[in-house]
file run_18.csv (CSV, C-alpha atoms)
chain,number,residue,atom,x,y,z
A,14,MET,CA,-7.9,4.1,22.5
A,15,LYS,CA,-4.5,3.8,23.9
A,16,LYS,CA,-1.7,5.6,22.0
A,17,THR,CA,1.4,3.6,21.6
A,18,ASP,CA,4.7,3.8,19.7
A,19,LEU,CA,3.7,2.2,16.5
A,20,CYS,CA,7.3,2.0,15.2
A,21,LEU,CA,8.6,-0.4,17.8
A,22,SER,CA,9.5,-3.9,16.6
A,23,SER,CA,7.7,-5.2,19.8
A,24,GLU,CA,4.5,-3.6,18.4
A,25,GLY,CA,4.9,-5.5,15.1
A,26,ALA,CA,6.7,-2.9,13.0
A,27,GLU,CA,9.4,-4.0,10.6
A,28,VAL,CA,12.0,-2.3,8.5
A,29,ILE,CA,11.4,-4.0,5.1
A,30,LEU,CA,13.9,-2.0,3.0
A,31,ALA,CA,17.0,0.0,3.6
A,32,THR,CA,19.3,1.3,0.9
A,33,SER,CA,22.4,0.6,3.0
A,34,SER,CA,23.3,-1.8,5.8
A,35,ASP,CA,26.3,-2.1,8.0
A,36,GLU,CA,26.4,-5.4,10.0
A,37,LYS,CA,27.3,-3.5,13.2
A,38,HIS,CA,24.5,-1.0,12.7
A,39,PRO,CA,21.6,-2.7,10.9
A,40,PRO,CA,18.3,-0.9,10.0
A,41,GLU,CA,16.4,-2.9,12.7
A,42,ASN,CA,18.3,-0.8,15.3
A,43,MET,CA,16.0,2.2,14.5
A,44,ILE,CA,12.9,0.4,15.9
A,45,ASP,CA,14.4,-1.8,18.7
A,46,GLY,CA,13.6,0.6,21.5
A,47,ASN,CA,17.3,0.7,22.5
A,48,PRO,CA,18.7,4.2,22.7
A,49,ASP,CA,22.3,2.9,22.3
A,50,THR,CA,21.8,1.3,18.8
A,51,PHE,CA,21.4,3.0,15.4
A,52,TRP,CA,21.3,2.5,11.6
A,53,THR,CA,24.0,4.2,9.6
A,54,THR,CA,24.1,5.2,5.9
A,55,THR,CA,27.0,4.2,3.7
A,56,GLY,CA,27.9,7.6,2.3
A,57,MET,CA,25.9,8.4,-0.8
A,58,PHE,CA,22.6,10.2,-0.9
A,59,PRO,CA,19.7,9.9,-1.1
A,60,GLN,CA,19.3,7.0,1.3
A,61,GLU,CA,16.0,5.6,2.4
A,62,PHE,CA,14.2,3.0,4.5
A,63,ILE,CA,10.7,1.8,4.7
A,64,ILE,CA,8.8,0.8,7.9
A,65,CYS,CA,5.9,-1.6,7.6
A,66,PHE,CA,3.3,-1.6,10.3
A,67,HIS,CA,1.4,-4.7,9.2
A,68,LYS,CA,-1.8,-2.9,10.0
A,69,HIS,CA,-3.6,0.4,9.2
A,70,VAL,CA,-2.5,3.0,11.7
A,71,ARG,CA,-3.2,6.7,12.5
A,72,ILE,CA,-0.1,8.6,13.4
A,73,GLU,CA,-0.4,11.8,15.4
A,74,ARG,CA,3.2,12.5,16.3
A,75,LEU,CA,6.6,11.5,14.9
A,76,VAL,CA,9.9,11.8,16.6
A,77,ILE,CA,13.1,11.1,14.7
A,78,GLN,CA,16.5,11.0,16.5
A,79,SER,CA,19.3,11.2,14.0
A,80,TYR,CA,22.8,12.6,13.4
A,81,PHE,CA,24.0,14.6,10.4
A,82,VAL,CA,20.7,14.4,8.5
A,83,ARG,CA,20.2,17.7,6.5
A,84,THR,CA,17.0,17.1,4.5
A,85,LEU,CA,14.4,14.4,5.3
A,86,ARG,CA,11.3,13.5,3.3
A,87,ILE,CA,8.7,11.2,4.6
A,88,GLU,CA,6.2,9.5,2.3
A,89,LYS,CA,3.2,7.3,3.3
A,90,SER,CA,1.2,4.6,1.8
A,91,THR,CA,-2.1,3.0,2.8
A,92,SER,CA,-1.8,0.1,0.4
A,93,LYS,CA,-1.4,-3.6,1.3
A,94,GLU,CA,2.0,-3.6,-0.4
A,95,PRO,CA,4.7,-1.0,-0.2
A,96,VAL,CA,3.5,0.9,-3.4
A,97,ASP,CA,1.7,4.1,-4.2
A,98,PHE,CA,3.6,6.3,-1.8
A,99,GLU,CA,2.5,9.9,-1.5
A,100,PRO,CA,4.5,12.9,-0.2
A,101,TRP,CA,3.7,13.7,3.4
A,102,ILE,CA,6.3,15.6,5.3
A,103,GLU,CA,9.6,17.3,4.3
A,104,ARG,CA,12.0,18.9,6.7
A,105,ASP,CA,15.3,20.6,6.8
A,106,LEU,CA,16.9,19.6,10.0
A,107,VAL,CA,19.3,21.8,12.1
A,108,HIS,CA,22.9,20.6,12.5
A,109,THR,CA,23.6,19.8,16.1
A,110,GLU,CA,27.3,19.4,16.8
A,111,GLY,CA,28.0,16.6,19.2
A,112,GLN,CA,24.4,15.7,20.0
A,113,LEU,CA,21.5,14.0,18.4
A,114,GLN,CA,19.0,15.8,16.2
A,115,ASN,CA,15.6,15.4,17.9
A,116,GLU,CA,13.0,16.2,15.3
A,117,GLU,CA,9.4,16.2,16.5
A,118,ILE,CA,6.6,16.4,13.9
A,119,MET,CA,3.0,16.8,14.7
A,120,ALA,CA,1.3,14.8,12.0
A,121,ARG,CA,-1.8,15.7,10.0
A,122,ASP,CA,-3.7,13.0,8.0
A,123,GLY,CA,-1.4,10.4,9.4
A,124,HIS,CA,-3.1,7.3,8.1
A,125,ALA,CA,-0.6,4.7,6.8
A,126,THR,CA,0.4,1.1,6.5
A,127,TYR,CA,3.9,2.0,5.3
A,128,LEU,CA,6.2,5.0,5.8
A,129,ARG,CA,9.2,5.7,3.5
A,130,PHE,CA,11.9,7.9,5.0
A,131,ILE,CA,14.2,9.5,2.4
A,132,ILE,CA,17.4,11.2,3.6
A,133,ILE,CA,17.9,13.5,0.7
A,134,SER,CA,21.1,15.1,2.0
A,135,ALA,CA,23.3,15.2,5.0
A,136,PHE,CA,25.9,17.4,6.8
A,137,ASP,CA,28.6,14.8,6.4
A,138,HIS,CA,29.4,11.8,4.2
A,139,PHE,CA,27.5,9.6,6.6
A,140,ALA,CA,24.3,10.0,8.6
A,141,SER,CA,22.7,7.9,11.3
A,142,VAL,CA,19.1,7.3,12.5
A,143,HIS,CA,19.0,6.3,16.1
A,144,SER,CA,15.2,6.0,16.5
A,145,VAL,CA,11.9,6.5,14.8
A,146,SER,CA,8.9,6.8,17.0
A,147,ALA,CA,5.3,7.2,15.8
A,148,GLU,CA,2.7,7.9,18.4
A,149,GLY,CA,-0.7,6.9,17.4
A,150,THR,CA,-3.3,4.1,17.3
A,151,ALA,CA,-3.9,1.0,15.3
A,152,VAL,CA,-7.0,1.5,13.2
A,153,SER,CA,-7.5,-2.0,11.7
A,154,ASN,CA,-5.7,-5.1,10.6
A,155,LEU,CA,-4.8,-5.5,6.9
A,156,SER,CA,-7.3,-7.7,5.2

call {"tool": "encode", "arguments": {"input": "run_18.csv", "output": "structure tokens"}}
result
Amino acid sequence: MKKTDLCLSSEGAEVILATSSDEKHPPENMIDGNPDTFWTTTGMFPQEFIICFHKHVRIERLVIQSYFVRTLRIEKSTSKEPVDFEPWIERDLVHTEGQLQNEEIMARDGHATYLRFIIISAFDHFASVHSVSAEGTAVSNLS
């Protein structure tokens, strides 16, 4: 099976919830495939967003490009609705002055229909997520 970036909106992924939204930097920017766009938080933490795949997927590798994110937790759900999330990955990211944080995570047990990303803390009052990429394969459609 061909591996694709499951998080792209062109692959059917959708940001169904975000705790903050700036009209110039909406949550959809994280999955639009454009390196020049991003989502920004509004200054209080934690902040979170949920990506829906609209199908069951198996994720092998995640890449998150962000700025000022200190601690990131990722939870996953295999439910038909965005409920029953279970802890999956938690990382403390390194502060990179003047350049994007590029966090690559090799995923184990990456079966999901939803991913919830929780920015627990940041290095500044605001943080931004420029892209979320999930390399893997679609396993089946939701029935």

call {"tool": "residues_around", "arguments": {"input": "run_18.csv", "residues": "range 101-105 of chain A", "least_positions_apart": "2", "cutoff": "7 Å", "atoms": "all atoms listed in the file", "output": "list in words"}}
result
Arg83, Thr84, Leu85, Arg86, Ile87, Glu88, Lys89, Glu99 and Val107 of chain A

call {"tool": "write_last_selection", "arguments": {"input": "run_18.csv", "atoms": "C-alpha atoms", "output": "short mmCIF file (atom, residue, chain, number, x, y, z; two decimals), keeping the file's coordinate frame"}}
result
data_model
loop_
_atom_site.label_atom_id
_atom_site.label_comp_id
_atom_site.auth_asym_id
_atom_site.auth_seq_id
_atom_site.Cartn_x
_atom_site.Cartn_y
_atom_site.Cartn_z
CA ARG A 83 20.20 17.70 6.50
CA THR A 84 17.00 17.10 4.50
CA LEU A 85 14.40 14.40 5.30
CA ARG A 86 11.30 13.50 3.30
CA ILE A 87 8.70 11.20 4.60
CA GLU A 88 6.20 9.50 2.30
CA LYS A 89 3.20 7.30 3.30
CA GLU A 99 2.50 9.90 -1.50
CA VAL A 107 19.30 21.80 12.10
#

call {"tool": "closest_atom_pairs", "arguments": {"input": "run_18.csv", "of": "range 71-143 of chain A", "to": "range 36-53 of chain A", "cutoff": "10 Å", "atoms": "only C-alpha atoms", "output": "CSV"}}
result
residue,atom,partner,partner_atom,distance
A:Ile77,CA,A:Met43,CA,9.4
A:Gln78,CA,A:Met43,CA,9.0
A:Ser79,CA,A:Phe51,CA,8.6
A:Tyr80,CA,A:Thr53,CA,9.3
A:Phe139,CA,A:Thr53,CA,7.1
A:Ala140,CA,A:Thr53,CA,5.9
A:Ser141,CA,A:Thr53,CA,4.3
A:Val142,CA,A:Trp52,CA,5.4
A:His143,CA,A:Phe51,CA,4.1

call {"tool": "residues_around", "arguments": {"input": "run_18.csv", "residues": "Gly149 in chain A", "least_positions_apart": "5", "cutoff": "12 Å", "atoms": "only C-alpha atoms", "output": "NGL selection string"}}
result
:A and (14-21 or 24 or 66 or 69-76 or 119-125)

call {"tool": "closest_residue", "arguments": {"input": "run_18.csv", "among": "A:Ser134, A:Ser90, A:Ser34, A:Gln112", "to": "Thr55 in chain A", "atoms": "all atoms listed in the file"}}
result
A:Ser34

call {"tool": "closest_residue", "arguments": {"input": "run_18.csv", "among": "A:Leu30, A:Ile118, A:Ser146, A:Phe130", "to": "Pro100 in chain A", "atoms": "only C-alpha atoms"}}
result
A:Phe130

call {"tool": "atom_distance", "arguments": {"input": "run_18.csv", "atom1": "CA of Gly111 in chain A", "atom2": "CA of Ala135 in chain A"}}
result
15.0 Å

call {"tool": "closest_residue", "arguments": {"input": "run_18.csv", "among": "A:Thr91, A:Thr32, A:Ile132, A:Val96", "to": "Asn154 in chain A", "atoms": "all atoms listed in the file"}}
result
A:Thr91

call {"tool": "closest_residue", "arguments": {"input": "run_18.csv", "among": "A:Lys68, A:Arg129, A:Lys93, A:His138", "to": "Ser153 in chain A", "atoms": "all atoms listed in the file"}}
result
A:Lys68

call {"tool": "closest_residue", "arguments": {"input": "run_18.csv", "among": "A:Ala147, A:Leu113, A:Leu106, A:Ile133", "to": "Thr54 in chain A", "atoms": "only C-alpha atoms"}}
result
A:Ile133

call {"tool": "atom_distance", "arguments": {"input": "run_18.csv", "atom1": "CA of Ser144 in chain A", "atom2": "CA of Ser33 in chain A"}}
result
16.2 Å

call {"tool": "atom_distance", "arguments": {"input": "run_18.csv", "atom1": "CA of Gly25 in chain A", "atom2": "CA of His67 in chain A"}}
result
6.9 Å
